[in-house]
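S.K.: Next comes the structure file my_file22.txt, holding compact mmCIF, C-alpha atoms.
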```txt
# COMPACT_ATOMS: atom_id res chain seq x y z
CA MET E 1 208.96 8.21 181.80
CA SER E 2 210.37 9.91 184.87
CA GLU E 3 212.23 8.13 187.67
CA LEU E 4 210.15 7.16 190.68
CA THR E 5 210.75 9.40 193.69
CA ARG E 6 211.28 8.07 197.21
CA ASN E 7 208.00 9.52 198.42
CA CYS E 8 205.83 8.49 195.48
CA VAL E 9 202.77 6.40 196.33
CA LEU E 10 202.03 3.35 194.20
CA ARG E 11 199.08 1.06 193.74
CA LEU E 12 198.06 -1.72 191.37
CA ALA E 13 196.79 -0.31 188.07
CA PRO E 14 193.17 -0.94 187.05
CA GLY E 15 192.74 -4.47 185.76
CA CYS E 16 195.54 -5.92 187.88
CA ARG E 17 194.58 -8.11 190.83
CA PHE E 18 195.74 -11.20 192.69
CA SER E 19 194.09 -14.43 191.67
CA THR E 20 191.68 -15.77 194.24
CA ALA E 21 190.35 -18.85 192.50
CA ALA E 22 193.45 -20.60 191.31
CA ASP E 23 195.62 -22.77 193.51
CA PRO E 24 197.15 -20.37 196.09
CA GLN E 25 200.48 -22.08 195.47
CA ASP E 26 200.36 -20.56 191.99
CA ASN E 27 200.70 -17.04 193.40
CA LEU E 28 199.33 -15.33 190.33
CA LEU E 29 198.70 -11.72 189.47
CA LEU E 30 195.96 -11.43 186.88
CA ILE E 31 196.48 -8.70 184.30
CA PRO E 32 194.72 -7.80 181.05
CA GLU E 33 197.23 -9.75 178.96
CA GLY E 34 197.07 -12.89 181.10
CA ALA E 35 198.76 -13.70 184.38
CA LEU E 36 202.14 -13.20 186.04
CA ARG E 37 203.58 -15.82 188.35
CA LEU E 38 204.97 -13.90 191.32
CA LYS E 39 208.25 -15.20 192.67
CA GLY E 40 210.21 -14.46 195.82
CA PRO E 41 209.23 -11.22 197.58
CA SER E 42 207.47 -9.78 194.52
CA ARG E 43 204.01 -10.56 195.90
CA ALA E 44 204.84 -8.93 199.23
CA ILE E 45 206.07 -5.80 197.45
CA LEU E 46 202.95 -5.55 195.30
CA GLU E 47 200.74 -6.04 198.35
CA LEU E 48 202.55 -3.18 200.06
CA CYS E 49 201.70 -0.94 197.09
CA ASN E 50 198.33 -0.09 198.61
CA GLY E 51 197.90 3.46 197.35
CA GLU E 52 198.71 4.98 200.74
CA ARG E 53 202.29 4.14 201.62
CA PRO E 54 205.18 6.18 200.14
CA LEU E 55 207.90 4.11 198.48
CA ASP E 56 210.40 4.85 201.26
CA GLU E 57 208.05 3.47 203.90
CA LEU E 58 207.36 0.46 201.75
CA VAL E 59 211.08 -0.31 201.60
CA GLN E 60 211.42 0.09 205.36
CA GLU E 61 208.47 -2.19 205.98
CA LEU E 62 209.95 -4.83 203.71
CA ALA E 63 213.41 -4.48 205.25
CA ARG E 64 211.99 -5.25 208.70
CA ARG E 65 211.21 -8.74 207.43
CA TYR E 66 214.82 -9.51 206.56
CA PRO E 67 218.19 -9.44 208.36
CA PRO E 68 219.58 -5.86 208.72
CA GLU E 69 222.63 -6.54 206.54
CA GLN E 70 220.33 -6.95 203.52
CA ALA E 71 218.78 -3.48 203.83
CA ALA E 72 220.78 -1.83 201.04
CA ARG E 73 220.11 -4.67 198.65
CA ILE E 74 216.40 -4.68 199.48
CA GLU E 75 216.18 -0.97 198.75
CA SER E 76 217.90 -1.13 195.37
CA GLU E 77 216.08 -4.26 194.24
CA THR E 78 212.68 -2.98 195.35
CA HIS E 79 213.21 0.29 193.49
CA ALA E 80 214.17 -1.60 190.35
CA PHE E 81 211.21 -3.96 190.66
CA VAL E 82 208.54 -1.30 191.18
CA ALA E 83 209.99 0.77 188.32
CA GLN E 84 209.76 -2.26 186.07
CA MET E 85 206.16 -2.93 187.16
CA ARG E 86 205.28 0.72 186.55
CA ASP E 87 206.77 0.55 183.05
CA ARG E 88 204.71 -2.57 182.37
CA GLY E 89 201.53 -0.79 183.41
CA ILE E 90 201.02 -3.01 186.45
CA LEU E 91 201.68 -0.31 189.06
CA GLU E 92 200.52 3.29 188.84
CA VAL E 93 201.59 6.37 190.75
CA VAL E 94 198.69 7.76 192.77
CA MET Y 1 196.77 -33.80 182.17
CA LYS Y 2 199.83 -31.94 180.91
CA TYR Y 3 197.79 -29.05 179.49
CA ARG Y 4 195.27 -26.77 181.11
CA PRO Y 5 193.07 -24.19 179.42
CA GLN Y 6 194.32 -20.89 180.79
CA ALA Y 7 191.81 -18.89 178.80
CA LEU Y 8 188.26 -19.49 177.68
CA ILE Y 9 187.19 -17.49 174.65
CA ALA Y 10 183.41 -17.23 174.81
CA GLU Y 11 181.80 -16.15 171.54
CA VAL Y 12 178.51 -15.34 173.19
CA THR Y 13 176.82 -14.30 169.94
CA HIS Y 14 177.63 -13.92 166.27
CA ARG Y 15 175.19 -11.02 165.97
CA CYS Y 16 177.02 -7.79 165.23
CA PRO Y 17 176.07 -4.28 164.13
CA LEU Y 18 179.36 -4.04 162.20
CA HIS Y 19 180.19 -5.71 158.90
CA CYS Y 20 183.96 -5.49 158.91
CA VAL Y 21 185.67 -6.52 155.72
CA TYR Y 22 188.16 -8.58 157.78
CA CYS Y 23 185.69 -10.20 160.16
CA SER Y 24 187.29 -13.19 161.86
CA ASN Y 25 184.06 -15.06 162.51
CA PRO Y 26 183.47 -18.19 160.43
CA LEU Y 27 181.76 -17.97 157.06
CA VAL Y 28 178.81 -19.90 158.43
CA MET Y 29 177.62 -18.21 161.63
CA GLN Y 30 175.36 -19.39 164.43
CA HIS Y 31 171.86 -17.96 164.67
CA ARG Y 32 170.34 -16.23 167.66
CA SER Y 33 167.84 -19.06 168.21
CA ASP Y 34 170.72 -21.49 168.76
CA GLU Y 35 172.61 -19.34 171.26
CA LEU Y 36 173.43 -20.73 174.71
CA SER Y 37 171.34 -19.40 177.58
CA THR Y 38 172.65 -17.42 180.57
CA GLY Y 39 172.47 -20.58 182.69
CA GLU Y 40 174.35 -22.67 180.15
CA TRP Y 41 177.15 -20.12 179.98
CA SER Y 42 177.30 -19.90 183.78
CA SER Y 43 177.77 -23.65 184.00
CA ILE Y 44 180.50 -23.48 181.35
CA PHE Y 45 182.38 -20.72 183.21
CA GLY Y 46 182.36 -22.82 186.40
CA GLN Y 47 183.62 -25.88 184.53
CA ALA Y 48 186.36 -23.86 182.85
CA ALA Y 49 187.53 -22.48 186.21
CA ASP Y 50 187.61 -26.03 187.61
CA LEU Y 51 189.84 -27.01 184.71
CA GLY Y 52 192.27 -24.27 185.71
CA ALA Y 53 191.19 -21.43 183.43
CA LEU Y 54 192.12 -17.95 184.66
CA GLN Y 55 190.85 -15.66 181.94
CA LEU Y 56 187.46 -15.31 180.29
CA HIS Y 57 187.26 -13.37 177.04
CA LEU Y 58 183.69 -12.38 176.23
CA THR Y 59 183.62 -11.79 172.51
CA GLY Y 60 181.42 -12.28 169.49
CA GLY Y 61 180.06 -10.91 167.19
CA GLU Y 62 179.20 -8.09 169.51
CA PRO Y 63 178.70 -9.30 173.10
CA LEU Y 64 176.61 -6.21 173.87
CA ALA Y 65 173.99 -7.61 171.50
CA ARG Y 66 173.12 -9.98 174.34
CA ALA Y 67 170.69 -8.44 176.81
CA ASP Y 68 172.12 -10.65 179.59
CA LEU Y 69 175.75 -9.53 179.20
CA THR Y 70 175.89 -8.07 182.72
CA GLU Y 71 174.76 -11.42 184.14
CA LEU Y 72 177.37 -13.21 182.05
CA VAL Y 73 180.07 -10.94 183.47
CA ARG Y 74 178.81 -11.61 187.00
CA ALA Y 75 178.77 -15.36 186.35
CA GLY Y 76 182.33 -15.31 185.03
CA ARG Y 77 183.59 -13.32 187.97
CA SER Y 78 181.69 -15.54 190.45
CA ALA Y 79 183.41 -18.54 188.92
CA GLY Y 80 186.72 -16.87 189.80
CA LEU Y 81 187.67 -15.84 186.27
CA TYR Y 82 189.27 -12.59 185.13
CA VAL Y 83 186.66 -11.09 182.82
CA ASN Y 84 187.62 -9.32 179.59
CA LEU Y 85 185.08 -7.74 177.27
CA ILE Y 86 186.06 -7.50 173.62
CA SER Y 87 183.63 -5.11 172.02
CA SER Y 88 182.90 -2.56 169.33
CA GLY Y 89 181.17 -0.42 171.97
CA VAL Y 90 177.97 -0.32 169.94
CA GLY Y 91 175.16 -0.75 172.46
CA LEU Y 92 177.02 0.67 175.46
CA ASP Y 93 175.73 3.60 177.48
CA GLU Y 94 176.78 4.98 180.87
CA ARG Y 95 174.29 2.93 182.84
CA ARG Y 96 175.15 -0.30 181.16
CA LEU Y 97 178.87 0.36 181.55
CA ASP Y 98 178.44 1.00 185.28
CA GLY Y 99 176.44 -2.21 185.56
CA LEU Y 100 179.17 -4.22 183.84
CA ILE Y 101 181.86 -2.78 186.12
CA GLU Y 102 179.74 -3.38 189.19
CA ALA Y 103 179.25 -6.99 188.06
CA GLY Y 104 183.01 -7.47 188.09
CA LEU Y 105 184.27 -6.64 184.61
CA ASP Y 106 188.08 -6.42 184.78
CA HIS Y 107 189.06 -5.08 181.38
CA ILE Y 108 187.52 -3.63 178.24
CA GLN Y 109 189.07 -3.95 174.82
CA LEU Y 110 187.39 -1.49 172.49
CA SER Y 111 187.88 -1.98 168.78
CA PHE Y 112 188.37 0.79 166.26
CA GLN Y 113 188.56 0.35 162.51
CA ASP Y 114 190.55 3.52 161.85
CA THR Y 115 191.44 6.84 163.42
CA GLU Y 116 189.38 8.81 160.89
CA GLU Y 117 185.63 8.63 160.62
CA ALA Y 118 185.22 8.08 156.88
CA PRO Y 119 187.61 5.14 156.45
CA ALA Y 120 186.59 3.67 159.83
CA ASN Y 121 182.97 3.54 158.76
CA GLU Y 122 183.95 2.26 155.33
CA PHE Y 123 185.96 -0.68 156.79
CA ALA Y 124 183.23 -1.45 159.34
CA GLY Y 125 180.43 -1.21 156.80
CA ALA Y 126 178.55 0.80 159.43
CA ARG Y 127 178.42 4.33 160.85
CA SER Y 128 179.97 3.44 164.17
CA HIS Y 129 183.12 5.54 164.60
CA ALA Y 130 181.58 8.60 166.28
CA LEU Y 131 179.73 6.37 168.70
CA LYS Y 132 182.93 4.51 169.57
CA LEU Y 133 184.62 7.81 170.39
CA ARG Y 134 181.84 8.57 172.86
CA VAL Y 135 182.21 5.13 174.40
CA ALA Y 136 185.98 5.65 174.80
CA GLY Y 137 185.19 8.86 176.68
CA MET Y 138 182.86 6.98 179.03
CA ILE Y 139 185.44 4.29 179.74
CA ARG Y 140 188.18 6.85 180.35
CA GLN Y 141 186.12 8.43 183.14
CA ARG Y 142 185.99 5.15 185.07
CA ARG Y 143 188.64 3.15 186.87
CA ILE Y 144 188.81 0.10 184.64
CA ALA Y 145 191.57 -1.37 182.48
CA PHE Y 146 191.16 -0.13 178.92
CA THR Y 147 192.75 -1.35 175.72
CA VAL Y 148 192.22 0.14 172.28
CA ASN Y 149 192.37 -2.39 169.48
CA LEU Y 150 192.89 -1.19 165.96
CA VAL Y 151 193.10 -3.56 163.02
CA VAL Y 152 195.64 -2.62 160.39
CA HIS Y 153 195.95 -3.53 156.72
CA ARG Y 154 197.07 -2.00 153.43
CA ARG Y 155 194.62 0.90 153.57
CA ASN Y 156 195.72 2.20 156.99
CA LEU Y 157 199.11 0.74 157.91
CA GLY Y 158 200.79 3.70 156.23
CA ARG Y 159 199.17 5.97 158.85
CA ILE Y 160 200.44 4.08 161.89
CA GLU Y 161 201.70 7.29 163.58
CA ASP Y 162 198.07 8.44 163.61
CA VAL Y 163 197.02 5.15 165.18
CA ILE Y 164 199.49 5.62 168.03
CA ALA Y 165 198.55 9.28 168.54
CA PHE Y 166 194.88 8.30 168.53
CA ALA Y 167 195.46 5.70 171.27
CA GLU Y 168 197.49 8.21 173.32
CA GLY Y 169 194.53 10.56 173.30
CA SER Y 170 191.97 7.85 174.04
CA GLY Y 171 192.88 7.34 177.69
CA ALA Y 172 193.68 3.67 177.12
CA GLN Y 173 196.57 1.99 178.94
CA ARG Y 174 197.16 -0.40 176.08
CA LEU Y 175 197.09 -0.32 172.34
CA GLU Y 176 196.79 -3.50 170.40
CA ILE Y 177 197.68 -2.95 166.77
CA ALA Y 178 196.34 -6.10 165.19
CA HIS Y 179 197.19 -7.19 161.69
CA VAL Y 180 194.32 -8.77 159.84
CA GLN Y 181 194.50 -12.54 160.18
CA TYR Y 182 193.60 -14.16 156.91
CA TYR Y 183 190.86 -16.61 157.84
CA GLY Y 184 187.10 -16.51 157.49
CA TRP Y 185 185.80 -13.42 155.79
CA ALA Y 186 189.23 -11.78 155.81
CA PHE Y 187 190.60 -14.54 153.56
CA ARG Y 188 188.01 -13.59 150.94
CA ASN Y 189 189.24 -10.01 151.03
CA ARG Y 190 192.92 -10.84 151.32
CA GLU Y 191 193.99 -9.29 148.03
CA ALA Y 192 192.58 -5.94 149.11
CA LEU Y 193 193.96 -6.08 152.66
CA LEU Y 194 197.48 -7.51 152.68
CA PRO Y 195 199.97 -4.71 153.34
CA THR Y 196 203.08 -4.13 151.27
CA ARG Y 197 206.57 -5.05 152.47
CA GLU Y 198 207.52 -1.39 152.61
CA GLN Y 199 204.54 -0.56 154.84
CA VAL Y 200 205.37 -3.42 157.18
CA GLN Y 201 209.03 -2.48 157.53
CA ARG Y 202 208.26 1.14 158.20
CA SER Y 203 205.56 0.28 160.73
CA ILE Y 204 208.01 -1.77 162.80
CA GLU Y 205 210.37 1.20 163.06
CA VAL Y 206 207.58 3.59 164.01
CA VAL Y 207 206.22 1.25 166.69
CA GLU Y 208 209.63 0.60 168.21
CA ALA Y 209 210.31 4.32 168.57
CA ALA Y 210 206.85 4.88 170.07
CA ARG Y 211 207.25 2.03 172.57
CA ASP Y 212 210.36 3.68 173.88
CA ARG Y 213 208.75 7.09 174.12
CA LEU Y 214 205.55 5.82 175.77
CA LYS Y 215 207.04 3.37 178.26
CA GLY Y 216 204.97 3.41 181.45
CA ARG Y 217 202.11 5.30 179.81
CA LEU Y 218 200.88 3.19 176.90
CA ARG Y 219 201.81 -0.40 176.17
CA ILE Y 220 201.80 -1.30 172.50
CA ASP Y 221 201.17 -4.86 171.37
CA PHE Y 222 202.22 -5.30 167.79
CA VAL Y 223 203.61 -8.31 166.02
CA LEU Y 224 204.89 -8.84 162.53
CA PRO Y 225 202.12 -10.11 160.23
CA ASP Y 226 202.85 -13.78 159.74
CA TYR Y 227 202.88 -13.60 155.92
CA TYR Y 228 205.99 -11.42 156.28
CA ALA Y 229 207.62 -13.31 159.15
CA LYS Y 230 210.38 -15.89 158.73
CA TYR Y 231 208.72 -18.39 161.01
CA PRO Y 232 205.08 -19.06 161.82
CA LYS Y 233 203.21 -17.74 164.83
CA PRO Y 234 202.68 -20.13 167.76
CA CYS Y 235 199.00 -20.28 166.87
CA MET Y 236 196.83 -20.43 170.04
CA ASN Y 237 200.15 -21.24 171.77
CA GLY Y 238 199.65 -24.75 170.48
CA TRP Y 239 196.49 -26.62 169.51
CA GLY Y 240 194.69 -27.65 172.70
CA HIS Y 241 197.55 -26.39 174.87
CA GLN Y 242 196.23 -23.30 176.64
CA GLN Y 243 192.98 -22.07 175.16
CA MET Y 244 189.54 -23.21 174.19
CA LEU Y 245 186.86 -21.34 172.31
CA ILE Y 246 183.14 -21.90 172.61
CA ASP Y 247 180.92 -20.66 169.82
CA PRO Y 248 177.46 -19.12 170.41
CA ALA Y 249 175.74 -22.50 170.08
CA GLY Y 250 178.07 -24.24 172.51
CA ARG Y 251 180.47 -25.93 170.12
CA VAL Y 252 183.86 -26.27 171.82
CA LEU Y 253 186.78 -25.53 169.50
CA PRO Y 254 190.58 -25.43 169.77
CA CYS Y 255 190.43 -22.13 167.83
CA HIS Y 256 187.81 -20.06 166.06
CA ALA Y 257 188.75 -21.22 162.56
CA ALA Y 258 189.09 -24.94 163.31
CA PRO Y 259 185.72 -25.95 161.77
CA ILE Y 260 187.15 -25.28 158.29
CA ILE Y 261 189.38 -28.35 158.71
CA PRO Y 262 187.56 -31.36 157.28
CA GLY Y 263 187.16 -34.58 159.22
CA LEU Y 264 187.14 -33.11 162.72
CA GLU Y 265 184.25 -33.92 165.02
CA PHE Y 266 183.47 -31.12 167.47
CA HIS Y 267 181.46 -31.57 170.64
CA SER Y 268 178.92 -29.34 172.27
CA ALA Y 269 179.12 -28.09 175.84
CA ARG Y 270 175.38 -28.77 175.88
CA GLU Y 271 176.02 -32.48 175.60
CA ARG Y 272 179.42 -33.10 177.12
CA LEU Y 273 181.41 -31.88 180.09
CA LEU Y 274 184.23 -29.48 179.26
CA ARG Y 275 186.70 -31.71 181.08
CA TRP Y 276 185.94 -34.64 178.78
CA ILE Y 277 186.17 -32.42 175.70
CA TRP Y 278 189.48 -30.90 176.82
CA GLU Y 279 191.13 -34.07 178.10
CA ASP Y 280 189.62 -36.94 176.13
CA SER Y 281 187.98 -35.80 172.90
CA PRO Y 282 189.92 -36.77 169.77
CA VAL Y 283 189.61 -33.28 168.27
CA PHE Y 284 191.58 -31.57 171.06
CA SER Y 285 194.41 -34.09 170.82
CA ARG Y 286 194.42 -34.16 167.01
CA PHE Y 287 197.30 -31.64 166.67
CA ARG Y 288 198.24 -31.38 170.33
CA ASP Y 289 201.69 -32.93 170.59
CA GLU Y 290 204.16 -33.86 167.87
CA ALA Y 291 202.82 -37.14 166.41
CA TRP Y 292 200.90 -35.31 163.66
CA MET Y 293 203.90 -33.25 162.53
CA PRO Y 294 205.44 -33.55 159.10
CA ASP Y 295 209.20 -34.23 159.01
CA THR Y 296 209.98 -30.54 158.45
CA CYS Y 297 208.50 -29.69 161.84
CA ARG Y 298 209.35 -32.87 163.75
CA THR Y 299 213.05 -32.40 163.10
CA CYS Y 300 213.03 -28.64 163.64
CA ASP Y 301 214.51 -26.99 166.74
CA ARG Y 302 211.71 -24.45 166.76
CA ARG Y 303 208.90 -26.99 167.10
CA ALA Y 304 208.44 -26.35 170.84
CA ARG Y 305 208.23 -22.62 170.17
CA ASP Y 306 205.81 -22.38 167.28
CA PHE Y 307 204.29 -25.88 167.15
CA GLY Y 308 204.46 -25.95 163.35
CA GLY Y 309 202.34 -22.80 163.10
CA CYS Y 310 198.67 -22.60 162.32
CA ARG Y 311 196.72 -25.70 161.26
CA CYS Y 312 193.89 -23.69 159.76
CA GLN Y 313 196.27 -21.60 157.68
CA ALA Y 314 198.05 -24.76 156.52
CA PHE Y 315 194.71 -26.13 155.36
CA LEU Y 316 193.54 -22.89 153.77
CA LEU Y 317 196.72 -22.45 151.75
CA THR Y 318 197.72 -26.05 150.96
CA GLY Y 319 194.58 -28.13 151.46
CA ASN Y 320 196.43 -30.20 154.06
CA ALA Y 321 195.91 -29.33 157.74
CA SER Y 322 198.95 -31.42 158.72
CA ALA Y 323 201.38 -29.50 156.53
CA THR Y 324 203.96 -27.09 157.92
CA ASP Y 325 202.38 -23.63 158.02
CA PRO Y 326 203.34 -22.20 154.59
CA VAL Y 327 204.39 -18.86 156.07
CA CYS Y 328 207.46 -20.68 157.47
CA ILE Y 329 210.50 -20.18 155.26
CA LEU Y 330 211.36 -23.84 155.87
CA ALA Y 331 207.97 -25.09 154.66
CA PRO Y 332 208.00 -27.08 151.42
CA SER Y 333 204.96 -25.05 150.35
CA HIS Y 334 206.42 -21.64 151.24
CA SER Y 335 206.32 -20.55 147.58
CA ILE Y 336 202.53 -20.17 147.94
CA VAL Y 337 203.09 -17.30 150.36
CA GLU Y 338 206.01 -15.86 148.42
CA ASP Y 339 203.95 -15.79 145.22
CA THR Y 340 201.08 -14.04 147.03
CA LEU Y 341 203.42 -11.41 148.46
CA GLN Y 342 205.08 -10.86 145.12
CA ARG Y 343 201.69 -10.31 143.50
CA ILE Y 344 200.60 -7.90 146.25
CA ASN Y 345 203.85 -5.95 146.21
CA SER Y 346 203.93 -5.56 142.45
CA SER Y 347 200.30 -4.55 142.05
CA ALA Y 348 199.51 -2.62 145.24
CA ASP Y 349 200.28 0.71 143.61
CA SER Y 350 197.60 0.21 141.01
CA GLY Y 351 194.91 0.71 143.66
CA SER Y 352 193.11 -1.69 145.96
CA PRO Y 353 190.74 -4.17 144.45
CA GLY Y 354 187.20 -3.98 145.83
CA TRP Y 355 186.09 -5.96 148.79
CA VAL Y 356 183.00 -7.84 149.89
CA TYR Y 357 180.97 -6.98 152.98
CA ARG Y 358 179.36 -9.63 155.10
CA LEU Y 359 175.80 -9.63 156.39
CA ASP Y 360 174.39 -10.59 159.78
CA PRO Y 361 173.65 -14.25 160.53
```
What would you get if you wrote out this structure as C-alpha cells?
M.R.:
Amino acid sequence: MSELTRNCVLRLAPGCRFSTAADPQDNLLLIPEGALRLKGPSRAILELCNGERPLDELVQELARRYPPEQAARIESETHAFVAQMRDRGILEVV
Amino acid sequence: MKYRPQALIAEVTHRCPLHCVYCSNPLVMQHRSDELSTGEWSSIFGQAADLGALQLHLTGGEPLARADLTELVRAGRSAGLYVNLISSGVGLDERRLDGLIEAGLDHIQLSFQDTEEAPANEFAGARSHALKLRVAGMIRQRRIAFTVNLVVHRRNLGRIEDVIAFAEGSGAQRLEIAHVQYYGWAFRNREALLPTREQVQRSIEVVEAARDRLKGRLRIDFVLPDYYAKYPKPCMNGWGHQQMLIDPAGRVLPCHAAPIIPGLEFHSARERLLRWIWEDSPVFSRFRDEAWMPDTCRTCDRRARDFGGCRCQAFLLTGNASATDPVCILAPSHSIVEDTLQRINSSADSGSPGWVYRLDP
C-alpha cells in the first residue's frame, strides 16, 4: 500500500463509527470486528478525518491545540497513526 | 459485576435455505412457531444495551428468512447497538438491502461455501452460489462495511489462493477464512472435513504472504484450526465473560453449542430478565472463573489467556465438560485428538468419505 501524501483526504471507512450509547468515558470506536478504545488524542484525530480536510490541514489544526514546541512530534505521530488506521481498514482515502 | 456482555449473538431463526455439511446450528433446531416476535427481540436488544453490550450479531439459520428483519435492525440500532448481519444472501434484493441500510445496518458478512459454483453448491446442499455473487455485487455498490466469509476444510483448503483472489474481486474490505468448527452437524461430518497437516501448514504461508500484499485493502482473519494448534482457543473469550447467544425461541446461552452439555439449566428471555440470567443464573457462572478447572488448567500460566479452551469440545471428545480441552498439548486426553489427526493424515489420500446433509427444522 502506498504512503499517504500530505494532501490526501481521509475519512472513517464504512462500518466505523463512534459509540453513542456506551458510557462516554469509554471513548469507543465501533468497527466490524468489535470496538477500539481510543486513547489520548486518537479520538480528536479521527474526528478531524471528516472527508474534507487534507492531512496537512488536519495536522495544523491539531497542532494549534498544543504548545508550539510539540509541532514536529505531533506531525510525525499523526502521520504514523493515520497510516496505521488506514492499514487496519478504519480510515479510507477519499 | 466483573463481566459484561460486549456482544449479543441473536439467532433470530433456524430456518435456512442452505444445508451446509458443516452447519454450526445444534442438532435439534427451534421451529418457526416458537420463534421470538419482533417486540420480544426489541426488548432483548434494549436489555442487552443496558448491560453494556456494544455489538449485535443477527444470525441464524438465515436471518433474511424473517420478514421483519428490517425492523429487527432498526430496533438494534435504536437500542444503541452496532448491527452486524451474518447471512448467506439468499432472500436479499436491492430494495430489501436499501431498507436494511436505511434502518441502520452497520456491516454485512456474506458467507460463501467455495469460490467455484459446483463445489459451493455441493457443500451448501443448495444452488445458491450464483445468487450470492449477485448479492455481493449489490453490496459492493453501496457504502456499507462488507466482509466475505468462506468456510474452509479438506476439500477446499488446498485452493486458498483462489479464496483470497475471490475476496479481492468481491469488493469486500474483509475476508474471514473460517475453519470448520467441529460441533453440531459438522462433528458428524468431521472425518470428511478435517484438513491434512500439509494443507494447514501451506495455508498459513499463503495467508501470511497475502496479508502483507493486501495491507490497507483487504484484512484477512484466519486462525489455525484448533485441532492443529498447540493450545486451545479462548472459546467465546471465556464462558460468560463477553458474549451471550439467544436462540430463536429465546433461550439464553453462553455459546451456541452449550445445550449439548448435560445438567445445565438454561433460561428463557421470555421468562427472565437478561440481567438476572447474565449475573445470577447458575449456568452463566458454571465455567466462568477458575473454580471448575481441572488441575492441568488451574496450575497453567495460560489459563487467563485461553480459559482451559472449549467446554463443549471437552464434552464432545471426552464426555466430561470440565476436562481440559483435548486439543491442548498439555491435556491428559490429548491423545484423542492426536489419534484423530493421525487417522485423517494417513487416509486422506484415499478420497473423502461421504457426508450427511441436514434438513430444515
S.K.: Considering only C-alpha atoms, extract the chain E residues located within 12 Å of chain Y and return them as a PyMOL selection string.
M.R.: chain E and resi 1-4+12-23+26+28-36+82-93
S.K.: What is the CA of Val200 in chain Y-CA of Ile86 in chain Y distance in Å, reported with one decimal?
M.R.: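 Answer for the CA of Val200 in chain Y to CA of Ile86 in chain Y separation: 25.7 Å.
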S.K.: Quick one: residues within 6 Å of (192.3, -24.3, 171.6) (file frame), counting all atoms listed in the file, please, as a PyMOL selection string.
M.R.: chain Y and resi 239-240+243-244+254-255
S.K.: What is the distance between CA of Pro332 in chain Y and CA of Leu316 in chain Y, in Å to one decimal?
M.R.: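 These atoms are spaced 15.2 Å apart.
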S.K.: Could you tell me how far CA of Ile177 in chain Y lies from CA of Asp93 in chain Y, in Å and to one decimal?
M.R.: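 These two atoms are separated by 25.3 Å.
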S.K.: Of the candidates Y:Ile344, Y:Leu58, Y:Ile260, Y:Leu92, which shows the shortest atom-to-atom distance to Val135 in chain Y, using all atoms listed in the file?
M.R.: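 The closest residue to Val135 in chain Y is Y:Leu92.
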S.K.: Compile the contact shell of range 269-282 of chain Y as a compact mmCIF listing (two decimals) with C-alpha atoms, in the coordinates of the input: residues with an atom at most 10 Å away, counting only C-alpha atoms, same-chain residues fewer than 6 positions apart removed.
M.R.:
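Just written: selection02.txt:
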```txt
# COMPACT_ATOMS: atom_id res chain seq x y z
CA MET Y 1 196.77 -33.80 182.17
CA LYS Y 2 199.83 -31.94 180.91
CA TYR Y 3 197.79 -29.05 179.49
CA ARG Y 4 195.27 -26.77 181.11
CA PRO Y 5 193.07 -24.19 179.42
CA LEU Y 36 173.43 -20.73 174.71
CA GLU Y 40 174.35 -22.67 180.15
CA TRP Y 41 177.15 -20.12 179.98
CA SER Y 43 177.77 -23.65 184.00
CA ILE Y 44 180.50 -23.48 181.35
CA PHE Y 45 182.38 -20.72 183.21
CA GLY Y 46 182.36 -22.82 186.40
CA GLN Y 47 183.62 -25.88 184.53
CA ALA Y 48 186.36 -23.86 182.85
CA ASP Y 50 187.61 -26.03 187.61
CA LEU Y 51 189.84 -27.01 184.71
CA GLY Y 240 194.69 -27.65 172.70
CA HIS Y 241 197.55 -26.39 174.87
CA GLN Y 243 192.98 -22.07 175.16
CA MET Y 244 189.54 -23.21 174.19
CA ILE Y 246 183.14 -21.90 172.61
CA ASP Y 247 180.92 -20.66 169.82
CA ALA Y 249 175.74 -22.50 170.08
CA GLY Y 250 178.07 -24.24 172.51
CA ARG Y 251 180.47 -25.93 170.12
CA VAL Y 252 183.86 -26.27 171.82
CA LEU Y 253 186.78 -25.53 169.50
CA PRO Y 254 190.58 -25.43 169.77
CA ARG Y 288 198.24 -31.38 170.33
```
S.K.: Mind checking which residues fall within 8 Å of Ile45 in chain E, counting all atoms listed in the file, ignoring those fewer than 4 positions away in the same chain, and posting them as number ranges by chain?
M.R.: E: 41, 49, 58, 62, 78
S.K.: So that I can see what lies close to Ser42 in chain E, please list as a PyMOL selection string the residues with an atom at most 9 Å from it, counting all atoms listed in the file and leaving out residues fewer than 4 positions away in the same chain.
M.R.: chain E and resi 38+46-47+78+81
S.K.: Give me the residues within 12 Å of His19 in chain Y as a list in words, counting only C-alpha atoms and dropping any in the same chain fewer than 4 places off.
M.R.: His14, Arg15, Cys23, Ser24, Asn25, Gly61, Glu62, Ser88, Gln113, Ala120, Asn121, Glu122, Phe123, Ala124, Gly125, Ala126, Arg127, Ser128, Trp185, Ala186, Trp355, Val356, Tyr357, Arg358, Leu359, Asp360 and Pro361 of chain Y
S.K.: Which is closer to Glu52 in chain E than all the others in E:Asn7, E:Gln70, E:Asn27, E:Ser76, using all atoms listed in the file?
M.R.: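 Checking each candidate against Glu52 in chain E, we get E:Asn7 as the closest.
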S.K.: Residues within 10 Å of (207.6, 11.2, 200.5), file coordinates, counting only C-alpha atoms: what are they? Give the list as a PDB file with C-alpha atoms, in the frame of the given file.
M.R.:
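Writing the result to point.pdb gives the following:
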```pdb
ATOM      1  CA  THR E   5     210.750   9.400 193.690  1.00  0.00           C
ATOM      2  CA  ARG E   6     211.280   8.070 197.210  1.00  0.00           C
ATOM      3  CA  ASN E   7     208.000   9.520 198.420  1.00  0.00           C
ATOM      4  CA  CYS E   8     205.830   8.490 195.480  1.00  0.00           C
ATOM      5  CA  VAL E   9     202.770   6.400 196.330  1.00  0.00           C
ATOM      6  CA  ARG E  53     202.290   4.140 201.620  1.00  0.00           C
ATOM      7  CA  PRO E  54     205.180   6.180 200.140  1.00  0.00           C
ATOM      8  CA  LEU E  55     207.900   4.110 198.480  1.00  0.00           C
ATOM      9  CA  ASP E  56     210.400   4.850 201.260  1.00  0.00           C
ATOM     10  CA  GLU E  57     208.050   3.470 203.900  1.00  0.00           C
TER      11      GLU E  57
END
```
S.K.: Can you work out which one of E:Arg43, E:Asn50, E:His79, E:Pro67 has the shortest atom-to-atom distance to Val94 in chain E, counting only C-alpha atoms?
M.R.: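 For Val94 in chain E, the nearest of the given residues is E:Asn50.
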